[in-house]
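Structure file input-v9.cif with mmCIF, C-alpha atoms:
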```cif
data_work
#
loop_
_atom_site.label_atom_id
_atom_site.label_comp_id
_atom_site.auth_asym_id
_atom_site.auth_seq_id
_atom_site.Cartn_x
_atom_site.Cartn_y
_atom_site.Cartn_z
CA MET M 1 -294.27 -37.61 -21.69
CA PRO M 2 -290.70 -37.91 -23.15
CA ASP M 3 -289.35 -41.45 -22.99
CA PHE M 4 -286.17 -40.37 -21.14
CA LEU M 5 -288.32 -39.93 -18.02
CA LEU M 6 -288.76 -43.70 -17.57
CA THR M 7 -287.43 -44.04 -14.04
CA GLY M 8 -288.02 -45.52 -10.62
CA SER M 9 -289.89 -48.84 -10.72
CA GLN M 10 -290.38 -48.90 -14.54
CA LYS M 11 -287.82 -51.45 -15.77
CA LEU M 12 -287.87 -52.96 -19.24
CA SER M 13 -286.45 -56.36 -20.18
CA PRO M 14 -284.86 -56.74 -23.66
CA SER M 15 -288.10 -58.32 -24.95
CA GLN M 16 -290.03 -55.29 -23.70
CA LEU M 17 -287.64 -52.67 -25.04
CA PRO M 18 -289.56 -50.37 -27.40
CA GLY M 19 -288.73 -50.17 -31.05
CA ASP M 20 -287.92 -46.92 -32.78
CA ASN M 21 -291.62 -46.40 -33.74
CA THR M 22 -293.15 -47.56 -30.47
CA GLN M 23 -294.89 -44.98 -28.29
CA LEU M 24 -294.29 -45.28 -24.57
CA THR M 25 -297.17 -45.17 -22.14
CA PRO M 26 -297.57 -41.69 -20.66
CA ASN M 27 -297.74 -42.90 -17.04
CA ARG M 28 -295.69 -40.61 -14.85
CA PRO M 29 -293.09 -42.51 -12.75
CA ARG M 30 -293.07 -42.37 -9.02
CA LYS M 31 -290.97 -39.68 -7.36
CA THR M 32 -287.92 -40.93 -5.55
CA HIS M 33 -287.04 -37.60 -3.94
CA ARG M 34 -289.34 -37.57 -0.94
CA ASN M 35 -287.37 -35.30 1.35
CA ASP M 36 -288.93 -31.84 1.30
CA ARG M 37 -285.58 -30.14 1.76
CA ILE M 38 -284.06 -32.04 -1.21
CA ILE M 39 -287.10 -31.25 -3.39
CA GLU M 40 -286.83 -27.57 -2.48
CA LEU M 41 -283.14 -27.48 -3.37
CA LEU M 42 -283.71 -29.27 -6.68
CA ARG M 43 -286.51 -26.89 -7.63
CA ALA M 44 -284.26 -23.92 -6.91
CA LEU M 45 -281.56 -25.13 -9.31
CA PRO M 46 -281.01 -23.02 -12.43
CA ARG M 47 -282.28 -24.53 -15.69
CA ALA M 48 -278.74 -25.26 -16.92
CA ASP M 49 -277.88 -27.16 -13.73
CA LYS M 50 -281.07 -29.22 -13.98
CA ILE M 51 -280.23 -30.17 -17.56
CA LYS M 52 -276.66 -31.05 -16.60
CA ARG M 53 -277.79 -33.23 -13.69
CA ASN M 54 -280.40 -34.95 -15.86
CA ASN M 55 -277.75 -35.79 -18.43
CA LEU M 56 -275.62 -37.41 -15.72
CA ILE M 57 -278.64 -39.35 -14.42
CA ASN M 58 -279.43 -40.49 -17.96
CA SER M 59 -275.87 -41.75 -18.34
CA ARG M 60 -276.07 -43.77 -15.12
CA ASN M 61 -279.50 -45.13 -16.07
CA LEU M 62 -278.09 -46.21 -19.43
CA GLN M 63 -275.46 -48.28 -17.67
CA ARG M 64 -278.16 -49.92 -15.57
CA GLU M 65 -280.31 -50.67 -18.63
CA ILE M 66 -277.36 -52.19 -20.48
CA ALA M 67 -276.51 -54.37 -17.49
CA ARG M 68 -280.18 -55.31 -17.07
CA ALA M 69 -280.57 -56.22 -20.76
CA TYR M 70 -277.38 -58.27 -20.80
CA ARG M 71 -278.29 -60.19 -17.66
CA GLU M 72 -281.77 -61.01 -18.96
CA ALA M 73 -280.41 -62.06 -22.35
CA ASN M 74 -278.03 -64.47 -20.59
CA ASN M 75 -280.55 -65.72 -17.99
CA MET M 76 -278.60 -64.22 -15.11
CA GLN M 77 -280.54 -63.79 -11.86
CA GLU M 78 -278.53 -61.04 -10.15
CA ALA M 79 -280.57 -57.89 -9.72
CA VAL M 80 -279.53 -54.48 -11.02
CA SER M 81 -280.41 -51.36 -9.07
CA SER M 82 -283.46 -49.32 -10.12
CA ASN M 83 -283.16 -46.31 -12.40
CA GLU M 84 -282.88 -42.87 -10.87
CA SER M 85 -285.58 -40.26 -11.21
CA LEU M 86 -284.90 -37.24 -13.36
CA ILE M 87 -285.28 -33.70 -12.09
CA THR M 88 -288.45 -32.09 -13.43
CA VAL M 89 -287.84 -29.40 -16.04
CA PRO M 90 -290.82 -27.11 -16.93
CA ASP M 91 -292.49 -27.87 -20.29
CA GLU M 92 -291.38 -24.58 -21.74
CA GLU M 93 -287.75 -25.41 -20.78
CA THR M 94 -287.51 -28.96 -22.10
CA ALA M 95 -284.00 -30.31 -21.66
CA PRO M 96 -282.01 -31.14 -24.77
CA ALA M 97 -281.58 -34.65 -23.39
CA SER M 98 -285.24 -35.33 -24.27
CA GLN M 99 -284.31 -35.29 -27.96
CA GLU M 100 -281.93 -38.20 -27.49
CA ARG M 101 -282.83 -41.85 -27.46
CA SER M 102 -284.01 -43.17 -24.10
CA PRO M 103 -281.65 -45.21 -21.90
CA SER M 104 -283.73 -48.30 -22.76
CA ARG M 105 -283.26 -47.85 -26.51
CA GLN M 106 -279.56 -47.03 -26.15
CA ALA M 107 -279.08 -50.10 -23.96
CA LYS M 108 -280.79 -52.31 -26.53
CA ALA M 109 -278.61 -50.97 -29.32
CA PHE M 110 -275.43 -51.26 -27.26
CA VAL M 111 -276.02 -54.88 -26.19
CA SER M 112 -277.03 -55.96 -29.70
CA ASP M 113 -273.71 -54.67 -31.07
CA LEU M 114 -271.60 -56.56 -28.52
CA SER M 115 -269.95 -59.87 -29.34
CA PRO M 116 -270.12 -62.57 -26.61
CA ASN M 117 -266.48 -62.06 -25.63
CA SER M 118 -266.63 -58.27 -25.58
CA ALA M 119 -269.87 -58.43 -23.58
CA LYS M 120 -268.24 -60.60 -20.93
CA SER M 121 -265.24 -58.28 -20.77
CA TRP M 122 -267.50 -55.26 -20.40
CA MET M 123 -269.54 -56.86 -17.62
CA LYS M 124 -266.35 -57.79 -15.79
CA SER M 125 -265.16 -54.20 -15.92
CA ILE M 126 -268.53 -52.94 -14.64
CA PHE M 127 -268.93 -55.32 -11.69
CA ARG M 128 -265.35 -55.87 -10.62
CA LYS M 129 -264.24 -55.01 -7.08
CA ARG M 130 -263.86 -51.23 -6.91
CA HIS M 131 -261.41 -50.80 -4.07
CA LYS M 132 -258.72 -53.18 -5.21
CA GLU M 133 -255.38 -52.31 -3.61
CA SER M 134 -252.63 -51.34 -6.03
CA SER M 135 -249.81 -53.80 -6.63
CA ASP M 136 -247.42 -51.48 -4.80
CA ASP M 137 -249.46 -51.72 -1.58
CA ASP M 138 -250.39 -55.40 -1.72
CA SER M 139 -247.17 -57.00 -2.87
CA SER M 140 -244.78 -58.36 -0.28
CA ASP M 141 -242.41 -59.69 -2.96
CA GLU M 142 -238.80 -58.79 -2.25
CA GLY M 143 -238.17 -57.65 -5.83
CA SER M 144 -241.07 -55.24 -5.65
CA ASP M 145 -239.77 -53.92 -2.34
CA VAL M 146 -236.54 -52.96 -4.07
CA GLN M 147 -238.60 -51.14 -6.70
CA LYS M 148 -240.62 -49.40 -4.01
CA SER M 149 -237.38 -48.34 -2.36
CA LYS M 150 -236.26 -46.76 -5.60
CA ARG M 151 -239.55 -44.96 -6.05
CA HIS M 152 -239.46 -44.03 -2.36
CA ALA M 153 -236.28 -42.08 -2.67
CA ALA M 154 -234.35 -42.64 -5.93
CA ALA M 155 -232.72 -45.06 -8.37
CA ARG M 156 -229.87 -47.54 -8.47
CA ASN M 157 -226.26 -46.37 -8.62
CA ALA M 158 -224.50 -46.32 -11.95
CA GLU M 159 -221.61 -48.70 -12.53
CA VAL M 160 -218.25 -47.69 -11.07
CA ALA M 161 -214.89 -48.31 -12.69
CA GLY M 162 -212.62 -50.90 -11.11
CA THR M 163 -209.06 -49.78 -10.41
CA PRO M 164 -206.23 -52.29 -9.80
CA GLY M 165 -205.28 -52.32 -6.13
CA VAL M 166 -208.37 -50.34 -5.08
CA VAL M 167 -211.12 -52.21 -3.22
CA LEU M 168 -214.59 -51.40 -4.55
CA PRO M 169 -217.06 -50.15 -1.94
CA PRO M 170 -219.59 -52.88 -1.06
CA GLY M 171 -223.13 -52.48 -2.36
CA PHE M 172 -226.44 -52.60 -0.53
CA SER M 173 -228.80 -55.57 -0.58
CA GLN M 174 -232.55 -56.00 -0.76
CA TYR M 175 -232.57 -56.35 3.03
CA HIS M 176 -231.54 -52.70 3.37
CA HIS M 177 -234.19 -51.55 0.90
CA ILE M 178 -236.98 -53.52 2.61
CA LEU M 179 -236.08 -52.09 6.02
CA PHE M 180 -235.93 -48.55 4.64
CA VAL M 181 -239.23 -48.75 2.70
CA ASN M 182 -241.09 -50.07 5.75
CA ASN M 183 -239.61 -47.48 8.16
CA VAL M 184 -237.70 -50.02 10.24
CA TYR M 185 -234.63 -48.81 12.12
CA MET M 186 -231.34 -49.86 10.49
CA PRO M 187 -228.46 -50.28 12.97
CA LEU M 188 -224.97 -49.34 11.81
CA THR M 189 -223.88 -52.97 12.18
CA LEU M 190 -225.60 -53.50 8.81
CA PHE M 191 -223.25 -50.94 7.22
CA THR M 192 -219.71 -51.98 8.15
CA ASN M 193 -217.71 -53.18 5.14
CA LEU M 194 -217.33 -56.63 6.65
CA ASN M 195 -221.05 -57.09 7.30
CA LEU M 196 -222.10 -55.58 3.95
CA ARG M 197 -219.97 -58.17 2.15
CA HIS M 198 -221.29 -60.93 4.40
CA ILE M 199 -224.89 -59.91 3.57
CA ASN M 200 -224.19 -59.71 -0.17
CA ARG M 201 -222.05 -62.84 -0.50
CA GLY M 202 -223.23 -65.09 2.29
CA PRO M 203 -226.19 -67.48 2.47
CA ALA M 204 -229.76 -66.31 2.96
CA LEU M 205 -230.19 -64.60 6.31
CA THR M 206 -232.85 -65.21 8.93
CA THR M 207 -235.96 -63.11 8.44
CA THR M 208 -238.98 -62.27 10.55
CA GLU M 209 -242.47 -61.00 9.71
CA ILE M 210 -243.90 -57.66 10.76
CA SER M 211 -247.28 -56.04 10.15
CA VAL M 212 -247.27 -52.67 8.44
CA CYS M 213 -249.98 -50.31 7.28
CA SER M 214 -250.13 -49.52 3.57
CA THR M 215 -250.79 -46.05 2.18
CA ARG M 216 -254.49 -46.96 1.87
CA GLY M 217 -254.79 -48.17 5.46
CA LYS M 218 -254.63 -51.90 4.73
CA ILE M 219 -252.59 -54.07 7.12
CA LYS M 220 -250.13 -56.40 5.41
CA SER M 221 -247.29 -58.71 6.47
CA VAL M 222 -243.74 -58.06 5.32
CA LYS M 223 -240.63 -60.22 5.73
CA ILE M 224 -237.63 -58.26 6.99
CA LEU M 225 -234.16 -59.14 8.19
CA ASP M 226 -234.16 -60.45 11.78
CA ILE M 227 -231.92 -57.73 13.20
CA ALA M 228 -231.76 -59.20 16.71
CA LYS M 229 -230.38 -62.51 15.40
CA PHE M 230 -228.03 -60.72 13.02
CA GLU M 231 -226.53 -58.64 15.84
CA ALA M 232 -226.30 -61.71 18.07
CA LEU M 233 -224.01 -63.25 15.44
CA HIS M 234 -222.15 -60.19 14.18
CA GLY M 235 -222.08 -57.81 17.13
CA ALA M 236 -224.38 -55.16 18.54
CA GLU M 237 -224.37 -51.56 17.40
CA GLU M 238 -223.70 -50.31 20.94
CA ASN M 239 -220.35 -52.19 20.95
CA LEU M 240 -218.90 -50.68 17.77
CA SER M 241 -215.41 -49.21 18.00
CA TYR M 242 -214.77 -45.69 16.72
CA ASP M 243 -213.20 -47.00 13.51
CA GLN M 244 -216.12 -49.38 12.85
CA TRP M 245 -218.65 -46.64 13.60
CA SER M 246 -216.88 -44.14 11.33
CA GLU M 247 -216.73 -46.69 8.48
CA ALA M 248 -220.39 -47.64 8.90
CA ALA M 249 -221.38 -43.96 9.01
CA ARG M 250 -219.74 -43.35 5.62
CA ASN M 251 -221.63 -46.31 4.13
CA TYR M 252 -224.88 -45.15 5.76
CA VAL M 253 -224.57 -41.77 4.00
CA ARG M 254 -223.58 -43.54 0.75
CA PHE M 255 -226.76 -45.68 0.95
CA PHE M 256 -228.99 -42.59 0.91
CA LYS M 257 -226.81 -40.95 -1.73
CA SER M 258 -227.47 -43.94 -3.99
CA LEU M 259 -231.22 -43.24 -3.77
CA GLU M 260 -231.09 -39.62 -4.87
CA HIS M 261 -230.48 -39.85 -8.63
CA GLU M 262 -234.17 -39.41 -9.49
CA SER M 263 -235.39 -37.85 -6.27
CA GLN M 264 -235.44 -34.41 -4.74
CA SER M 265 -234.70 -35.96 -1.36
CA LYS M 266 -231.41 -34.91 0.22
CA MET M 267 -231.24 -37.38 3.09
CA SER M 268 -227.57 -38.07 2.41
CA SER M 269 -226.76 -34.41 3.17
CA ARG M 270 -228.89 -34.63 6.32
CA TRP M 271 -226.97 -37.64 7.66
CA ASP M 272 -223.61 -36.32 6.46
CA ALA M 273 -224.17 -33.27 8.67
CA HIS M 274 -225.29 -35.57 11.52
CA PHE M 275 -222.16 -37.73 11.53
CA GLY M 276 -219.91 -34.77 10.64
CA PHE M 277 -220.98 -32.98 13.82
CA PHE M 278 -219.87 -35.88 16.03
CA LYS M 279 -216.60 -36.49 14.16
CA ALA M 280 -215.68 -32.82 14.50
CA ARG M 281 -215.81 -32.90 18.31
CA GLU M 282 -212.45 -32.10 19.91
CA ASP M 283 -212.82 -34.94 22.44
CA VAL M 284 -214.40 -37.41 20.02
CA TYR M 285 -212.29 -40.35 21.26
CA LYS M 286 -212.71 -39.56 24.96
CA ASP M 287 -216.45 -38.94 24.57
CA PHE M 288 -217.08 -41.63 21.97
CA LYS M 289 -219.43 -43.65 24.21
CA PRO M 290 -221.95 -40.80 24.72
CA ILE M 291 -221.51 -39.84 21.05
CA LEU M 292 -222.38 -43.38 19.94
CA LEU M 293 -225.39 -43.59 22.27
CA LEU M 294 -226.72 -40.19 21.13
CA ASP M 295 -226.21 -41.11 17.48
CA ILE M 296 -228.27 -44.30 17.95
CA GLN M 297 -230.96 -42.46 19.92
CA MET M 298 -231.33 -39.72 17.31
CA ARG M 299 -231.52 -42.09 14.35
CA LYS M 300 -234.19 -44.13 16.13
CA ASP M 301 -236.20 -41.00 16.96
CA TYR M 302 -235.95 -39.84 13.35
CA ILE M 303 -237.92 -42.90 12.15
CA SER M 304 -241.12 -41.86 13.92
CA GLN M 305 -240.59 -38.08 13.74
CA PRO M 306 -238.07 -36.65 11.24
CA PHE M 307 -236.34 -33.47 12.38
CA THR M 308 -233.87 -31.08 10.81
CA PHE M 309 -230.21 -30.89 11.75
CA SER M 310 -229.42 -28.07 14.17
CA ASP M 311 -225.95 -27.44 15.54
CA GLN M 312 -227.31 -25.84 18.72
CA TYR M 313 -229.70 -28.72 19.37
CA TYR M 314 -226.96 -31.30 18.87
CA VAL M 315 -224.58 -29.46 21.22
CA PHE M 316 -227.26 -29.38 23.93
CA GLU M 317 -228.23 -33.04 23.52
CA LEU M 318 -224.60 -34.21 23.46
CA GLN M 319 -223.79 -32.35 26.68
CA LYS M 320 -226.77 -34.02 28.36
CA MET M 321 -225.68 -37.44 27.13
CA ILE M 322 -222.09 -36.89 28.35
CA GLU M 323 -223.41 -36.02 31.82
CA ASP M 324 -225.74 -39.04 31.83
CA VAL M 325 -222.90 -41.38 30.88
CA GLN M 326 -220.62 -39.90 33.55
CA GLU M 327 -223.34 -40.32 36.17
CA GLN M 328 -223.92 -43.91 35.08
CA ARG M 329 -220.19 -44.65 35.30
CA LEU M 330 -220.07 -43.23 38.85
CA GLU M 331 -223.03 -45.40 39.84
CA GLU M 332 -221.35 -48.46 38.37
CA MET M 333 -218.09 -47.60 40.15
CA PHE M 334 -219.83 -47.15 43.53
CA GLY M 335 -221.75 -50.34 42.92
CA ALA M 336 -218.54 -52.22 42.24
CA LEU M 337 -216.92 -50.76 45.38
CA ASN M 338 -219.93 -51.76 47.47
CA ALA M 339 -219.79 -55.26 46.03
CA VAL M 340 -216.08 -55.55 46.94
CA SER M 341 -216.71 -54.18 50.44
CA HIS M 342 -219.57 -56.63 50.91
CA ARG M 343 -217.41 -59.57 49.85
CA GLU M 344 -214.58 -58.50 52.19
CA HIS M 345 -217.03 -58.09 55.07
CA SER M 346 -218.50 -61.53 54.41
CA HIS M 347 -215.00 -63.04 54.25
CA ARG M 348 -213.97 -61.51 57.62
CA THR M 349 -217.24 -62.69 59.19
CA ARG M 350 -216.61 -66.27 58.06
CA GLN M 351 -213.05 -66.15 59.41
CA ARG M 352 -214.23 -64.99 62.86
CA ARG M 353 -216.81 -67.78 62.99
CA ARG M 354 -214.20 -70.40 62.09
CA ARG M 355 -211.83 -69.12 64.82
CA LYS M 356 -214.58 -69.26 67.41
CA ALA M 357 -215.53 -72.76 66.32
CA SER M 358 -211.92 -73.98 66.69
#
```

Kindly return the structure encoded in the file as structure tokens.
Amino acid sequence: MPDFLLTGSQKLSPSQLPGDNTQLTPNRPRKTHRNDRIIELLRALPRADKIKRNNLINSRNLQREIARAYREANNMQEAVSSNESLITVPDEETAPASQERSPSRQAKAFVSDLSPNSAKSWMKSIFRKRHKESSDDDSSDEGSDVQKSKRHAAARNAEVAGTPGVVLPPGFSQYHHILFVNNVYMPLTLFTNLNLRHINRGPALTTTEISVCSTRGKIKSVKILDIAKFEALHGAEENLSYDQWSEAARNYVRFFKSLEHESQSKMSSRWDAHFGFFKAREDVYKDFKPILLLDIQMRKDYISQPFTFSDQYYVFELQKMIEDVQEQRLEEMFGALNAVSHREHSHRTRQRRRRKAS
């Protein structure tokens, strides 16, 4: 029988590896395919497919024999899995692979040619952990988060020329990039000129840890800016004036524009249309409160489910928000009136009791 059919339980140590002139014993190896359905499918394969599959099996068996020979030569006790059985090819259709050296002989030749250092390197590459997460997924380093932000949407802005008397627009920090990469909502308070300069020039800000899922499904911890504490110190987004909101909106669009140099993403155009719709309203100052609330609501919703800009949709949603705000104001007004009426009633009741007592 050809020596490339040594499979199953027949394992050879380096001392037992046959020489070039040694004849192998003709004992047929045990069959490892015991499922009748599998055997039937293998028998039905065309001759070319059988040969191709046998070549692949021979290649895998060679790796096992090399590992087995190396481990025995270095007195290592870890076991290596058994060789696979080859698919039977009829005698009149002998596979070309039978003319090659057996996996055992190739393993012996391969190991004998390795130096100690190259052998160790090869074994490390064979038995290393297969599902190692990439550095992009595993790293929580802030510098790498900036790089991920660039790959996520674009590259850094080019230098701008300084003009005497003209204030340069403030840049964006690693805090913005980390929030964006990890799909965390960014309030407009992080984009006013005053707060951008405070973030860039001031001391390190308070951070908090969140758990996020990587692209390969692994849970990792990431440090992000503590937005609640930041807004407690520098004002909440819901309390922005129209001028502050308009300034922050321009910087928000500029942030996404800065990420588009090497990307096909056009998020800056998306948000430019978003803010442009609200600024174009005829009663923008009178209706600024519902406009601000709808803007915040839409940008929060976009994080979990992005949606395209639609003029009709925005008109409908803004009208609903205006009505909701008006209704809330009426409720607050009636509540205030009831509170005043209750206080007056309580005051008159106390006066009557004092007069009776006197």

Let me know the residues the PyMOL selection byres ((chain M and resi 170) around 10) catches in the file above, as a PyMOL selection string. chain M and resi 167-169+171-173+191-200+251

Deliver the residues from the most recent selection as a file, using C-alpha atoms, as a short mmCIF file (atom, residue, chain, number, x, y, z; two decimals), in the coordinates of the input.
```
data_model
loop_
_atom_site.label_atom_id
_atom_site.label_comp_id
_atom_site.auth_asym_id
_atom_site.auth_seq_id
_atom_site.Cartn_x
_atom_site.Cartn_y
_atom_site.Cartn_z
CA VAL M 167 -211.12 -52.21 -3.22
CA LEU M 168 -214.59 -51.40 -4.55
CA PRO M 169 -217.06 -50.15 -1.94
CA GLY M 171 -223.13 -52.48 -2.36
CA PHE M 172 -226.44 -52.60 -0.53
CA SER M 173 -228.80 -55.57 -0.58
CA PHE M 191 -223.25 -50.94 7.22
CA THR M 192 -219.71 -51.98 8.15
CA ASN M 193 -217.71 -53.18 5.14
CA LEU M 194 -217.33 -56.63 6.65
CA ASN M 195 -221.05 -57.09 7.30
CA LEU M 196 -222.10 -55.58 3.95
CA ARG M 197 -219.97 -58.17 2.15
CA HIS M 198 -221.29 -60.93 4.40
CA ILE M 199 -224.89 -59.91 3.57
CA ASN M 200 -224.19 -59.71 -0.17
CA ASN M 251 -221.63 -46.31 4.13
#
```

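Rounded to one decimal, CA of Leu179 (chain M) and CA of Ile224 (chain M) lie 6.4 Å from each other.
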
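Coordinates place CA of Val315 (chain M) at a distance of 26.7 Å from CA of Val184 (chain M).
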
Name the residues captured by the PyMOL selection byres ((chain M and resi 281-292) around 8) when it is applied to the shown file; answer as an NGL selection string. :M and (238 or 242 or 277-280 or 293-296 or 318 or 321-322 or 325)

Keeping C-alpha atoms, export the residues of the selection given above as a PDB file, in the coordinates of the input.
```
ATOM      1  CA  GLU M 238    -223.700 -50.310  20.940  1.00  0.00           C
ATOM      2  CA  TYR M 242    -214.770 -45.690  16.720  1.00  0.00           C
ATOM      3  CA  PHE M 277    -220.980 -32.980  13.820  1.00  0.00           C
ATOM      4  CA  PHE M 278    -219.870 -35.880  16.030  1.00  0.00           C
ATOM      5  CA  LYS M 279    -216.600 -36.490  14.160  1.00  0.00           C
ATOM      6  CA  ALA M 280    -215.680 -32.820  14.500  1.00  0.00           C
ATOM      7  CA  LEU M 293    -225.390 -43.590  22.270  1.00  0.00           C
ATOM      8  CA  LEU M 294    -226.720 -40.190  21.130  1.00  0.00           C
ATOM      9  CA  ASP M 295    -226.210 -41.110  17.480  1.00  0.00           C
ATOM     10  CA  ILE M 296    -228.270 -44.300  17.950  1.00  0.00           C
ATOM     11  CA  LEU M 318    -224.600 -34.210  23.460  1.00  0.00           C
ATOM     12  CA  MET M 321    -225.680 -37.440  27.130  1.00  0.00           C
ATOM     13  CA  ILE M 322    -222.090 -36.890  28.350  1.00  0.00           C
ATOM     14  CA  VAL M 325    -222.900 -41.380  30.880  1.00  0.00           C
TER      15      VAL M 325
END
```

Go ahead and compute the interatomic distance for CA of Val181 (chain M) and CA of Gln147 (chain M), in Å to one decimal. 9.7 Å

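Using all atoms listed in the file, the shortest contact distance between Phe309 (chain M) and any of M:Gln63, M:Ser269, M:Ser241, M:Ser341 is found at M:Ser269.
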
Can you turn the PyMOL selection byres ((chain M and resi 174-177) around 12) into a concrete residue list for this file, as a compact mmCIF listing (two decimals) with C-alpha atoms, in the frame of the given file?
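expr-v6.txt was written with the following content:
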```
# COMPACT_ATOMS: atom_id res chain seq x y z
CA ASP M 141 -242.41 -59.69 -2.96
CA GLU M 142 -238.80 -58.79 -2.25
CA GLY M 143 -238.17 -57.65 -5.83
CA SER M 144 -241.07 -55.24 -5.65
CA ASP M 145 -239.77 -53.92 -2.34
CA VAL M 146 -236.54 -52.96 -4.07
CA GLN M 147 -238.60 -51.14 -6.70
CA LYS M 148 -240.62 -49.40 -4.01
CA SER M 149 -237.38 -48.34 -2.36
CA LYS M 150 -236.26 -46.76 -5.60
CA ARG M 151 -239.55 -44.96 -6.05
CA HIS M 152 -239.46 -44.03 -2.36
CA ALA M 153 -236.28 -42.08 -2.67
CA ALA M 154 -234.35 -42.64 -5.93
CA ALA M 155 -232.72 -45.06 -8.37
CA ARG M 156 -229.87 -47.54 -8.47
CA GLY M 171 -223.13 -52.48 -2.36
CA PHE M 172 -226.44 -52.60 -0.53
CA SER M 173 -228.80 -55.57 -0.58
CA ILE M 178 -236.98 -53.52 2.61
CA LEU M 179 -236.08 -52.09 6.02
CA PHE M 180 -235.93 -48.55 4.64
CA VAL M 181 -239.23 -48.75 2.70
CA ASN M 182 -241.09 -50.07 5.75
CA ASN M 183 -239.61 -47.48 8.16
CA VAL M 184 -237.70 -50.02 10.24
CA TYR M 185 -234.63 -48.81 12.12
CA MET M 186 -231.34 -49.86 10.49
CA PRO M 187 -228.46 -50.28 12.97
CA LEU M 188 -224.97 -49.34 11.81
CA THR M 189 -223.88 -52.97 12.18
CA LEU M 190 -225.60 -53.50 8.81
CA PHE M 191 -223.25 -50.94 7.22
CA LEU M 196 -222.10 -55.58 3.95
CA ILE M 199 -224.89 -59.91 3.57
CA ASN M 200 -224.19 -59.71 -0.17
CA ALA M 204 -229.76 -66.31 2.96
CA LEU M 205 -230.19 -64.60 6.31
CA THR M 206 -232.85 -65.21 8.93
CA THR M 207 -235.96 -63.11 8.44
CA THR M 208 -238.98 -62.27 10.55
CA VAL M 222 -243.74 -58.06 5.32
CA LYS M 223 -240.63 -60.22 5.73
CA ILE M 224 -237.63 -58.26 6.99
CA LEU M 225 -234.16 -59.14 8.19
CA ASP M 226 -234.16 -60.45 11.78
CA ILE M 227 -231.92 -57.73 13.20
CA PHE M 230 -228.03 -60.72 13.02
CA ASN M 251 -221.63 -46.31 4.13
CA TYR M 252 -224.88 -45.15 5.76
CA PHE M 255 -226.76 -45.68 0.95
CA PHE M 256 -228.99 -42.59 0.91
CA SER M 258 -227.47 -43.94 -3.99
CA LEU M 259 -231.22 -43.24 -3.77
```

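Comparing the minimum interatomic distances between Arg43 (chain M) and each of M:Thr88, M:Asn338, M:Glu332, M:Asp272, counting all atoms listed in the file, we find that M:Thr88 sits nearest.
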